[in-house]
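The structure file work18.csv is reproduced below (CSV, C-alpha atoms).
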chain,number,residue,atom,x,y,z
A,1,MET,CA,-91.8,-126.0,-76.5
A,2,SER,CA,-95.1,-126.0,-74.6
A,3,ILE,CA,-96.7,-124.2,-71.7
A,4,VAL,CA,-99.2,-125.7,-69.2
A,5,GLY,CA,-101.2,-123.6,-66.6
A,6,VAL,CA,-102.0,-124.9,-63.2
A,7,PRO,CA,-104.7,-123.2,-61.0
A,8,TYR,CA,-103.5,-121.5,-57.8
A,9,LYS,CA,-105.5,-123.8,-55.5
A,10,TYR,CA,-103.7,-126.9,-56.9
A,11,LEU,CA,-100.2,-125.5,-56.3
A,12,PRO,CA,-97.9,-127.1,-53.7
A,13,ASN,CA,-97.9,-125.2,-50.4
A,14,PRO,CA,-94.4,-123.7,-50.9
A,15,LEU,CA,-95.5,-122.0,-54.1
A,16,GLN,CA,-98.7,-120.8,-52.5
A,17,LYS,CA,-96.6,-119.1,-49.8
A,18,SER,CA,-94.5,-117.5,-52.4
A,19,ILE,CA,-97.6,-116.0,-54.0
A,20,ILE,CA,-98.8,-114.6,-50.7
A,21,ALA,CA,-95.4,-113.1,-50.1
A,22,ALA,CA,-95.4,-111.5,-53.5
A,23,LYS,CA,-98.9,-110.1,-52.9
A,24,SER,CA,-97.8,-108.5,-49.6
A,25,SER,CA,-94.7,-106.9,-51.1
A,26,ALA,CA,-96.7,-105.4,-54.0
A,27,LYS,CA,-99.4,-104.0,-51.6
A,28,ALA,CA,-102.0,-105.8,-53.6
A,29,HIS,CA,-105.7,-105.7,-52.6
A,30,TYR,CA,-106.2,-109.3,-53.7
A,31,ILE,CA,-105.0,-111.9,-56.2
A,32,SER,CA,-107.7,-112.4,-58.8
A,33,SER,CA,-105.9,-115.5,-60.1
A,34,ALA,CA,-102.5,-117.1,-60.2
A,35,PHE,CA,-101.0,-119.8,-62.3
A,36,ALA,CA,-97.8,-121.8,-62.3
A,37,PHE,CA,-96.5,-122.2,-65.8
A,38,GLN,CA,-94.4,-125.2,-66.8
A,39,ILE,CA,-92.3,-124.3,-69.8
A,40,CYS,CA,-91.2,-127.6,-71.4
A,41,SER,CA,-88.6,-128.3,-74.1
A,42,ASP,CA,-87.2,-131.6,-75.2
A,43,ARG,CA,-84.5,-131.5,-72.6
A,44,ASP,CA,-85.7,-129.4,-69.6
A,45,LYS,CA,-88.7,-128.2,-67.7
A,46,TYR,CA,-88.9,-125.0,-65.6
A,47,THR,CA,-91.7,-123.7,-63.4
A,48,PHE,CA,-92.7,-120.0,-63.1
A,49,LEU,CA,-95.4,-118.2,-61.2
A,50,LEU,CA,-97.5,-115.6,-63.0
A,51,LEU,CA,-99.5,-113.4,-60.6
A,52,PRO,CA,-102.2,-111.0,-61.8
A,53,PHE,CA,-103.4,-108.8,-59.0
A,54,SER,CA,-105.0,-105.4,-58.2
A,55,ILE,CA,-102.6,-102.8,-56.8
A,56,ASP,CA,-103.5,-100.0,-54.4
A,57,GLN,CA,-103.1,-96.8,-56.4
A,58,ALA,CA,-102.5,-94.8,-53.3
A,59,SER,CA,-99.4,-96.9,-52.6
A,60,LEU,CA,-98.0,-95.8,-56.0
A,61,GLY,CA,-98.6,-92.2,-55.3
A,62,SER,CA,-101.1,-91.7,-58.1
A,63,THR,CA,-104.9,-91.9,-58.8
A,64,PRO,CA,-106.7,-93.4,-61.7
A,65,ASP,CA,-107.5,-90.9,-64.5
A,66,ASP,CA,-111.1,-92.2,-64.7
A,67,GLY,CA,-111.8,-91.9,-61.0
A,68,CYS,CA,-112.1,-95.7,-60.6
A,69,SER,CA,-111.5,-96.8,-57.1
A,70,GLN,CA,-110.7,-100.4,-58.0
A,71,GLY,CA,-107.0,-99.8,-58.8
A,72,SER,CA,-105.1,-101.0,-61.8
A,73,THR,CA,-104.1,-104.5,-62.7
A,74,GLY,CA,-100.4,-105.5,-62.2
A,75,VAL,CA,-98.6,-108.6,-63.3
A,76,ALA,CA,-95.6,-110.0,-61.5
A,77,LEU,CA,-93.4,-112.8,-62.8
A,78,THR,CA,-91.5,-114.4,-60.0
A,79,PHE,CA,-88.7,-117.0,-59.7
A,80,GLY,CA,-88.1,-120.1,-61.8
A,81,VAL,CA,-87.4,-123.5,-60.4
A,82,ALA,CA,-85.5,-126.0,-62.6
A,83,VAL,CA,-86.4,-129.6,-62.6
A,84,SER,CA,-84.0,-132.4,-63.3
A,85,PRO,CA,-84.4,-133.5,-67.0
A,86,ALA,CA,-83.7,-137.1,-66.1
A,87,HIS,CA,-86.9,-137.5,-64.1
A,88,ALA,CA,-89.0,-134.6,-65.4
A,89,SER,CA,-92.4,-135.4,-66.9
A,90,ARG,CA,-92.8,-134.7,-70.6
A,91,MET,CA,-95.6,-133.4,-72.7
A,92,ASN,CA,-96.8,-135.2,-75.8
A,93,HIS,CA,-99.2,-133.7,-78.4
A,94,TYR,CA,-101.6,-135.4,-80.7
A,95,ASP,CA,-104.2,-134.1,-83.2
A,96,PHE,CA,-107.4,-136.2,-83.6
A,97,PHE,CA,-109.5,-135.4,-86.6
A,98,ILE,CA,-112.9,-137.1,-86.3
A,99,LYS,CA,-114.2,-137.7,-89.8
A,100,GLU,CA,-116.1,-140.3,-91.8
A,101,THR,CA,-114.0,-142.7,-93.8
A,102,ASN,CA,-114.8,-145.6,-96.1
A,103,VAL,CA,-113.5,-148.9,-94.7
A,104,THR,CA,-113.7,-152.5,-95.8
A,105,ARG,CA,-114.1,-155.5,-93.5
A,106,LEU,CA,-115.3,-159.0,-94.4
A,107,CYS,CA,-115.6,-157.9,-98.1
A,108,HIS,CA,-118.1,-155.3,-97.0
A,109,GLU,CA,-117.4,-151.6,-97.4
A,110,LYS,CA,-119.2,-148.9,-95.4
A,111,THR,CA,-118.7,-145.4,-94.1
A,112,VAL,CA,-117.7,-145.2,-90.4
A,113,LEU,CA,-116.5,-142.5,-88.1
A,114,THR,CA,-112.7,-142.7,-87.6
A,115,VAL,CA,-109.8,-140.7,-86.1
A,116,ASN,CA,-107.4,-139.4,-88.7
A,117,GLY,CA,-108.9,-141.9,-91.2
A,118,GLN,CA,-107.6,-144.9,-89.2
A,119,PHE,CA,-109.5,-147.8,-87.9
A,120,PRO,CA,-108.6,-148.5,-85.2
A,121,GLY,CA,-107.3,-145.0,-84.3
A,122,PRO,CA,-103.8,-143.9,-83.5
A,123,THR,CA,-101.9,-145.3,-80.5
A,124,ILE,CA,-101.0,-142.8,-77.8
A,125,TYR,CA,-97.6,-143.3,-76.2
A,126,ALA,CA,-96.5,-141.8,-72.9
A,127,ARG,CA,-94.6,-142.5,-69.7
A,128,THR,CA,-95.8,-142.6,-66.1
A,129,GLY,CA,-95.9,-139.0,-64.9
A,130,ASP,CA,-96.3,-137.5,-68.4
A,131,VAL,CA,-99.0,-135.2,-69.6
A,132,VAL,CA,-100.6,-135.8,-73.0
A,133,VAL,CA,-102.4,-133.0,-74.9
A,134,VAL,CA,-104.9,-134.2,-77.5
A,135,ASN,CA,-106.6,-131.6,-79.8
A,136,VAL,CA,-109.8,-133.1,-81.1
A,137,TYR,CA,-111.4,-131.6,-84.2
A,138,ASN,CA,-114.9,-132.8,-85.0
A,139,GLN,CA,-115.2,-133.0,-88.7
A,140,GLY,CA,-118.1,-135.3,-88.6
A,141,ASP,CA,-121.9,-134.5,-88.5
A,142,LYS,CA,-122.7,-135.4,-84.9
A,143,ASN,CA,-121.6,-134.6,-81.4
A,144,ILE,CA,-118.7,-136.6,-79.9
A,145,THR,CA,-116.5,-136.9,-76.8
A,146,ILE,CA,-113.4,-139.0,-76.1
A,147,HIS,CA,-112.8,-141.0,-72.9
A,148,TRP,CA,-109.4,-142.2,-71.7
A,149,HIS,CA,-110.3,-145.5,-70.2
A,150,GLY,CA,-108.5,-146.5,-67.0
A,151,VAL,CA,-106.8,-143.1,-66.5
A,152,ASP,CA,-107.4,-141.7,-63.0
A,153,GLN,CA,-107.0,-138.0,-63.9
A,154,PRO,CA,-106.6,-136.8,-60.3
A,155,ARG,CA,-108.0,-133.3,-59.9
A,156,ASN,CA,-108.6,-133.3,-63.6
A,157,PRO,CA,-112.1,-134.7,-64.1
A,158,TRP,CA,-113.2,-132.2,-66.7
A,159,PHE,CA,-111.0,-133.9,-69.3
A,160,ASP,CA,-112.4,-137.4,-68.6
A,161,GLY,CA,-114.8,-137.4,-71.5
A,162,PRO,CA,-118.2,-138.7,-70.5
A,163,GLU,CA,-120.8,-136.8,-72.6
A,164,TYR,CA,-123.0,-134.4,-70.5
A,165,ILE,CA,-121.3,-135.6,-67.3
A,166,THR,CA,-117.9,-134.0,-67.2
A,167,GLN,CA,-118.2,-132.0,-70.4
A,168,CYS,CA,-120.5,-130.9,-73.1
A,169,PRO,CA,-120.1,-132.8,-76.4
A,170,ILE,CA,-117.8,-131.5,-79.1
A,171,GLN,CA,-120.2,-130.3,-81.8
A,172,PRO,CA,-119.7,-130.7,-85.5
A,173,GLY,CA,-117.2,-128.1,-86.8
A,174,ALA,CA,-115.9,-127.5,-83.2
A,175,ASN,CA,-112.7,-128.6,-81.4
A,176,PHE,CA,-111.8,-129.4,-77.8
A,177,THR,CA,-108.4,-129.9,-76.2
A,178,TYR,CA,-107.9,-132.7,-73.7
A,179,ARG,CA,-105.1,-132.7,-71.1
A,180,ILE,CA,-104.6,-136.2,-69.9
A,181,ILE,CA,-102.4,-136.7,-66.7
A,182,PHE,CA,-100.8,-140.1,-66.4
A,183,SER,CA,-100.0,-139.8,-62.7
A,184,GLU,CA,-99.5,-143.4,-61.7
A,185,GLU,CA,-100.6,-145.5,-64.7
A,186,GLU,CA,-98.3,-148.0,-66.3
A,187,GLY,CA,-99.1,-150.6,-69.0
A,188,THR,CA,-101.6,-150.7,-71.8
A,189,LEU,CA,-105.1,-149.0,-71.7
A,190,TRP,CA,-107.3,-147.6,-74.4
A,191,TRP,CA,-109.2,-144.5,-75.4
A,192,HIS,CA,-112.7,-144.5,-77.1
A,193,ALA,CA,-115.6,-142.3,-78.1
A,194,HIS,CA,-118.0,-141.7,-75.2
A,195,SER,CA,-121.1,-140.7,-77.1
A,196,ASP,CA,-123.8,-142.9,-78.6
A,197,PHE,CA,-122.2,-146.1,-80.0
A,198,ASP,CA,-119.3,-144.4,-81.8
A,199,ARG,CA,-116.7,-146.2,-79.7
A,200,VAL,CA,-117.2,-149.2,-82.1
A,201,THR,CA,-114.9,-147.5,-84.6
A,202,VAL,CA,-113.5,-144.5,-82.7
A,203,HIS,CA,-111.0,-146.1,-80.4
A,204,GLY,CA,-107.3,-146.9,-80.0
A,205,ALA,CA,-104.6,-148.0,-77.6
A,206,ILE,CA,-102.7,-146.1,-74.9
A,207,VAL,CA,-99.2,-147.5,-74.2
A,208,ILE,CA,-97.7,-146.1,-71.0
A,209,HIS,CA,-94.0,-147.0,-70.4
A,210,PRO,CA,-92.4,-146.9,-67.0
A,211,LYS,CA,-91.2,-143.6,-65.6
A,212,ARG,CA,-87.8,-142.4,-66.8
A,213,GLY,CA,-85.0,-143.6,-64.7
A,214,THR,CA,-86.8,-146.9,-63.9
A,215,HIS,CA,-86.7,-150.3,-65.6
A,216,TYR,CA,-89.0,-152.9,-66.8
A,217,PRO,CA,-89.7,-155.7,-64.2
A,218,TYR,CA,-88.7,-158.1,-66.9
A,219,LYS,CA,-86.3,-158.3,-69.8
A,220,LYS,CA,-87.1,-155.5,-72.3
A,221,PRO,CA,-88.8,-157.0,-75.3
A,222,HIS,CA,-87.3,-156.7,-78.8
A,223,LYS,CA,-90.6,-155.2,-80.1
A,224,GLU,CA,-94.0,-154.4,-78.9
A,225,ILE,CA,-97.2,-154.6,-81.0
A,226,PRO,CA,-100.5,-153.4,-79.6
A,227,VAL,CA,-103.4,-155.9,-80.2
A,228,ILE,CA,-106.9,-154.4,-80.2
A,229,LEU,CA,-110.0,-156.6,-79.8
A,230,GLY,CA,-113.2,-155.2,-81.3
A,231,GLU,CA,-116.5,-156.0,-82.9
A,232,TRP,CA,-117.8,-155.4,-86.4
A,233,TRP,CA,-121.4,-154.8,-87.7
A,234,ASN,CA,-122.2,-154.5,-91.4
A,235,GLU,CA,-125.1,-152.2,-90.5
A,236,ASP,CA,-124.8,-148.7,-89.1
A,237,VAL,CA,-124.4,-149.2,-85.4
A,238,ASN,CA,-126.1,-146.0,-84.3
A,239,HIS,CA,-129.2,-147.1,-86.3
A,240,LEU,CA,-129.1,-150.4,-84.5
A,241,LEU,CA,-128.9,-148.6,-81.2
A,242,GLU,CA,-131.9,-146.4,-82.0
A,243,GLU,CA,-133.9,-149.5,-83.0
A,244,ALA,CA,-133.0,-151.3,-79.8
A,245,LYS,CA,-134.1,-148.2,-77.8
A,246,ARG,CA,-137.3,-147.9,-79.8
A,247,THR,CA,-138.4,-151.5,-79.4
A,248,GLY,CA,-136.8,-152.4,-76.1
A,249,GLY,CA,-135.3,-155.4,-77.6
A,250,ASP,CA,-131.7,-156.7,-77.5
A,251,PHE,CA,-128.9,-155.1,-79.5
A,252,LYS,CA,-128.3,-157.1,-82.7
A,253,PRO,CA,-125.2,-159.3,-82.3
A,254,CYS,CA,-122.1,-158.3,-84.2
A,255,VAL,CA,-121.1,-160.2,-87.4
A,256,VAL,CA,-117.6,-161.0,-86.0
A,257,HIS,CA,-115.3,-160.2,-83.2
A,258,ALA,CA,-112.4,-158.4,-84.8
A,259,LEU,CA,-108.7,-158.6,-84.0
A,260,SER,CA,-106.5,-155.6,-85.0
A,261,LEU,CA,-102.7,-155.3,-84.9
Structure re-expressed in structure tokens:
Amino acid sequence: MSIVGVPYKYLPNPLQKSIIAAKSSAKAHYISSAFAFQICSDRDKYTFLLLPFSIDQASLGSTPDDGCSQGSTGVALTFGVAVSPAHASRMNHYDFFIKETNVTRLCHEKTVLTVNGQFPGPTIYARTGDVVVVNVYNQGDKNITIHWHGVDQPRNPWFDGPEYITQCPIQPGANFTYRIIFSEEEGTLWWHAHSDFDRVTVHGAIVIHPKRGTHYPYKKPHKEIPVILGEWWNEDVNHLLEEAKRTGGDFKPCVVHALSL
């Protein structure tokens, strides 16, 4: 079971009106914040409103013991709205552990940054309309972020991943939770590191199946295998990047273009 919070200003108009009505009935001075919570299980999804607000003490027939004129904080939990399980979006969870791993390619072993010790990293599976939560734990020795390439993320730019643009990097020893919204996407995309040149080894596929209740526009395949095209350098790619920046020269070509299944 999982819970997702949605800021008040992004709620549909009918829910915003319900919040205003609840505020009036409680004689609240203001609503400091409000959230719609989706409580999701494997079969059903329900939506609730949680309303924290300041209540007029005079309307309750009492005064604060400390003489504070701001009133006390009240919490109201209002109605729940059931959503049809057949078409409800689901929430998938993944844990990404960023760490150094020894890998061998072309008879050459070196230490590279990976996710969960895999190169390429794990494939994310979802359906159109789903939300995917990815907990990223940075067990490496440098800053990193993750970008979800090709995902629009409407009204959700702070989880897009570009370092120092939509978020501060995840520092070594720290963690960050991404919430990726697949609003209209369908097909195959990819995720990758968006700091320095770590995307060379920190990357993986995203497979987005059609929304539940819909069908493939072609005969459903017997099996699907993600194919990832990449590049491989025997040297440390971040050292090559620093050398190119220092000299102003071109980046050294890769040894081989890799194909991963």
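In this comparison, which uses only C-alpha atoms, the residue of A:Lys142, A:Arg179, A:Lys252, A:His222 approaching Ile98 of chain A most closely is A:Lys142.
Straight-line separation from atom CA of Val207 of chain A to atom CA of Gln118 of chain A: 17.4 Å.
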I'd like the contact shell of Val134 of chain A - 10 Å cut-off, all atoms listed in the file, skipping same-chain residues fewer than 6 positions apart - returned as a PDB file with C-alpha atoms, in the frame of the given file.
ATOM      1  CA  ASN A  92     -96.800-135.200 -75.800  1.00  0.00           C
ATOM      2  CA  HIS A  93     -99.200-133.700 -78.400  1.00  0.00           C
ATOM      3  CA  TYR A  94    -101.600-135.400 -80.700  1.00  0.00           C
ATOM      4  CA  ASP A  95    -104.200-134.100 -83.200  1.00  0.00           C
ATOM      5  CA  PHE A  96    -107.400-136.200 -83.600  1.00  0.00           C
ATOM      6  CA  ILE A 124    -101.000-142.800 -77.800  1.00  0.00           C
ATOM      7  CA  ILE A 146    -113.400-139.000 -76.100  1.00  0.00           C
ATOM      8  CA  PHE A 176    -111.800-129.400 -77.800  1.00  0.00           C
ATOM      9  CA  THR A 177    -108.400-129.900 -76.200  1.00  0.00           C
ATOM     10  CA  TYR A 178    -107.900-132.700 -73.700  1.00  0.00           C
ATOM     11  CA  ARG A 179    -105.100-132.700 -71.100  1.00  0.00           C
ATOM     12  CA  ILE A 180    -104.600-136.200 -69.900  1.00  0.00           C
TER      13      ILE A 180
END
* For atom CA of Cys168 of chain A and atom CA of Ile144 of chain A, quote the distance in Å rounded to one decimal. => 9.1 Å
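Across the model, the gap from atom CA of Met91 of chain A to atom CA of His194 of chain A is 24.0 Å.
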Would you mind putting N, CA and C atoms back on segment 211-246 of chain A and writing the result as a PDB file, in the frame of the given file?
ATOM      1  N   LYS A 211     -91.787-144.912 -65.797  1.00  0.00           N
ATOM      2  CA  LYS A 211     -91.200-143.600 -65.600  1.00  0.00           C
ATOM      3  C   LYS A 211     -89.729-143.595 -65.981  1.00  0.00           C
ATOM      4  N   ARG A 212     -89.254-142.485 -66.499  1.00  0.00           N
ATOM      5  CA  ARG A 212     -87.800-142.400 -66.800  1.00  0.00           C
ATOM      6  C   ARG A 212     -86.966-142.597 -65.621  1.00  0.00           C
ATOM      7  N   GLY A 213     -85.883-143.320 -65.815  1.00  0.00           N
ATOM      8  CA  GLY A 213     -85.000-143.600 -64.700  1.00  0.00           C
ATOM      9  C   GLY A 213     -85.334-144.946 -64.029  1.00  0.00           C
ATOM     10  N   THR A 214     -86.466-145.580 -64.420  1.00  0.00           N
ATOM     11  CA  THR A 214     -86.800-146.900 -63.900  1.00  0.00           C
ATOM     12  C   THR A 214     -86.689-147.925 -65.004  1.00  0.00           C
ATOM     13  N   HIS A 215     -86.881-149.180 -64.655  1.00  0.00           N
ATOM     14  CA  HIS A 215     -86.700-150.300 -65.600  1.00  0.00           C
ATOM     15  C   HIS A 215     -87.887-151.172 -65.661  1.00  0.00           C
ATOM     16  N   TYR A 216     -88.004-151.916 -66.745  1.00  0.00           N
ATOM     17  CA  TYR A 216     -89.000-152.900 -66.800  1.00  0.00           C
ATOM     18  C   TYR A 216     -88.809-153.996 -65.763  1.00  0.00           C
ATOM     19  N   PRO A 217     -89.886-154.571 -65.206  1.00  0.00           N
ATOM     20  CA  PRO A 217     -89.700-155.700 -64.200  1.00  0.00           C
ATOM     21  C   PRO A 217     -89.354-156.982 -64.882  1.00  0.00           C
ATOM     22  N   TYR A 218     -89.077-156.938 -66.176  1.00  0.00           N
ATOM     23  CA  TYR A 218     -88.700-158.100 -66.900  1.00  0.00           C
ATOM     24  C   TYR A 218     -87.760-157.679 -68.050  1.00  0.00           C
ATOM     25  N   LYS A 219     -87.185-158.611 -68.745  1.00  0.00           N
ATOM     26  CA  LYS A 219     -86.300-158.300 -69.800  1.00  0.00           C
ATOM     27  C   LYS A 219     -87.018-157.463 -70.898  1.00  0.00           C
ATOM     28  N   LYS A 220     -86.440-156.351 -71.297  1.00  0.00           N
ATOM     29  CA  LYS A 220     -87.100-155.500 -72.300  1.00  0.00           C
ATOM     30  C   LYS A 220     -87.322-156.224 -73.573  1.00  0.00           C
ATOM     31  N   PRO A 221     -88.547-156.218 -74.085  1.00  0.00           N
ATOM     32  CA  PRO A 221     -88.800-157.000 -75.300  1.00  0.00           C
ATOM     33  C   PRO A 221     -88.158-156.345 -76.527  1.00  0.00           C
ATOM     34  N   HIS A 222     -87.933-157.168 -77.524  1.00  0.00           N
ATOM     35  CA  HIS A 222     -87.300-156.700 -78.800  1.00  0.00           C
ATOM     36  C   HIS A 222     -88.274-155.735 -79.492  1.00  0.00           C
ATOM     37  N   LYS A 223     -89.572-156.038 -79.424  1.00  0.00           N
ATOM     38  CA  LYS A 223     -90.600-155.200 -80.100  1.00  0.00           C
ATOM     39  C   LYS A 223     -91.906-155.371 -79.435  1.00  0.00           C
ATOM     40  N   GLU A 224     -92.699-154.306 -79.441  1.00  0.00           N
ATOM     41  CA  GLU A 224     -94.000-154.400 -78.900  1.00  0.00           C
ATOM     42  C   GLU A 224     -95.058-154.002 -79.948  1.00  0.00           C
ATOM     43  N   ILE A 225     -96.120-154.793 -80.039  1.00  0.00           N
ATOM     44  CA  ILE A 225     -97.200-154.600 -81.000  1.00  0.00           C
ATOM     45  C   ILE A 225     -98.520-154.534 -80.291  1.00  0.00           C
ATOM     46  N   PRO A 226     -99.221-153.393 -80.256  1.00  0.00           N
ATOM     47  CA  PRO A 226    -100.500-153.400 -79.600  1.00  0.00           C
ATOM     48  C   PRO A 226    -101.541-154.254 -80.354  1.00  0.00           C
ATOM     49  N   VAL A 227    -102.313-155.013 -79.609  1.00  0.00           N
ATOM     50  CA  VAL A 227    -103.400-155.900 -80.200  1.00  0.00           C
ATOM     51  C   VAL A 227    -104.700-155.363 -79.635  1.00  0.00           C
ATOM     52  N   ILE A 228    -105.604-155.003 -80.530  1.00  0.00           N
ATOM     53  CA  ILE A 228    -106.900-154.400 -80.200  1.00  0.00           C
ATOM     54  C   ILE A 228    -108.007-155.389 -80.542  1.00  0.00           C
ATOM     55  N   LEU A 229    -108.832-155.763 -79.575  1.00  0.00           N
ATOM     56  CA  LEU A 229    -110.000-156.600 -79.800  1.00  0.00           C
ATOM     57  C   LEU A 229    -111.223-155.741 -80.000  1.00  0.00           C
ATOM     58  N   GLY A 230    -112.012-156.011 -81.022  1.00  0.00           N
ATOM     59  CA  GLY A 230    -113.200-155.200 -81.300  1.00  0.00           C
ATOM     60  C   GLY A 230    -114.321-156.036 -81.859  1.00  0.00           C
ATOM     61  N   GLU A 231    -115.364-155.352 -82.307  1.00  0.00           N
ATOM     62  CA  GLU A 231    -116.500-156.000 -82.900  1.00  0.00           C
ATOM     63  C   GLU A 231    -116.851-155.288 -84.223  1.00  0.00           C
ATOM     64  N   TRP A 232    -117.505-155.983 -85.118  1.00  0.00           N
ATOM     65  CA  TRP A 232    -117.800-155.400 -86.400  1.00  0.00           C
ATOM     66  C   TRP A 232    -119.275-155.722 -86.790  1.00  0.00           C
ATOM     67  N   TRP A 233    -120.011-154.680 -87.162  1.00  0.00           N
ATOM     68  CA  TRP A 233    -121.400-154.800 -87.700  1.00  0.00           C
ATOM     69  C   TRP A 233    -121.368-154.302 -89.126  1.00  0.00           C
ATOM     70  N   ASN A 234    -122.022-155.009 -90.016  1.00  0.00           N
ATOM     71  CA  ASN A 234    -122.200-154.500 -91.400  1.00  0.00           C
ATOM     72  C   ASN A 234    -123.133-153.339 -91.448  1.00  0.00           C
ATOM     73  N   GLU A 235    -124.100-153.299 -90.520  1.00  0.00           N
ATOM     74  CA  GLU A 235    -125.100-152.200 -90.500  1.00  0.00           C
ATOM     75  C   GLU A 235    -124.473-150.989 -89.747  1.00  0.00           C
ATOM     76  N   ASP A 236    -125.171-149.864 -89.850  1.00  0.00           N
ATOM     77  CA  ASP A 236    -124.800-148.700 -89.100  1.00  0.00           C
ATOM     78  C   ASP A 236    -125.156-148.910 -87.625  1.00  0.00           C
ATOM     79  N   VAL A 237    -124.150-148.873 -86.756  1.00  0.00           N
ATOM     80  CA  VAL A 237    -124.400-149.200 -85.400  1.00  0.00           C
ATOM     81  C   VAL A 237    -125.285-148.271 -84.633  1.00  0.00           C
ATOM     82  N   ASN A 238    -125.266-146.995 -85.012  1.00  0.00           N
ATOM     83  CA  ASN A 238    -126.100-146.000 -84.300  1.00  0.00           C
ATOM     84  C   ASN A 238    -127.605-146.257 -84.731  1.00  0.00           C
ATOM     85  N   HIS A 239    -127.849-146.732 -85.943  1.00  0.00           N
ATOM     86  CA  HIS A 239    -129.200-147.100 -86.300  1.00  0.00           C
ATOM     87  C   HIS A 239    -129.670-148.324 -85.523  1.00  0.00           C
ATOM     88  N   LEU A 240    -128.776-149.275 -85.323  1.00  0.00           N
ATOM     89  CA  LEU A 240    -129.100-150.400 -84.500  1.00  0.00           C
ATOM     90  C   LEU A 240    -129.401-150.047 -83.072  1.00  0.00           C
ATOM     91  N   LEU A 241    -128.650-149.087 -82.552  1.00  0.00           N
ATOM     92  CA  LEU A 241    -128.900-148.600 -81.200  1.00  0.00           C
ATOM     93  C   LEU A 241    -130.245-147.954 -81.062  1.00  0.00           C
ATOM     94  N   GLU A 242    -130.596-147.106 -82.017  1.00  0.00           N
ATOM     95  CA  GLU A 242    -131.900-146.400 -82.000  1.00  0.00           C
ATOM     96  C   GLU A 242    -133.030-147.457 -82.094  1.00  0.00           C
ATOM     97  N   GLU A 243    -132.849-148.489 -82.905  1.00  0.00           N
ATOM     98  CA  GLU A 243    -133.900-149.500 -83.000  1.00  0.00           C
ATOM     99  C   GLU A 243    -134.052-150.291 -81.744  1.00  0.00           C
ATOM    100  N   ALA A 244    -132.945-150.604 -81.066  1.00  0.00           N
ATOM    101  CA  ALA A 244    -133.000-151.300 -79.800  1.00  0.00           C
ATOM    102  C   ALA A 244    -133.723-150.448 -78.734  1.00  0.00           C
ATOM    103  N   LYS A 245    -133.448-149.152 -78.727  1.00  0.00           N
ATOM    104  CA  LYS A 245    -134.100-148.200 -77.800  1.00  0.00           C
ATOM    105  C   LYS A 245    -135.573-148.089 -78.069  1.00  0.00           C
ATOM    106  N   ARG A 246    -135.931-148.086 -79.356  1.00  0.00           N
ATOM    107  CA  ARG A 246    -137.300-147.900 -79.800  1.00  0.00           C
ATOM    108  C   ARG A 246    -138.170-149.121 -79.405  1.00  0.00           C
TER     109      ARG A 246
END
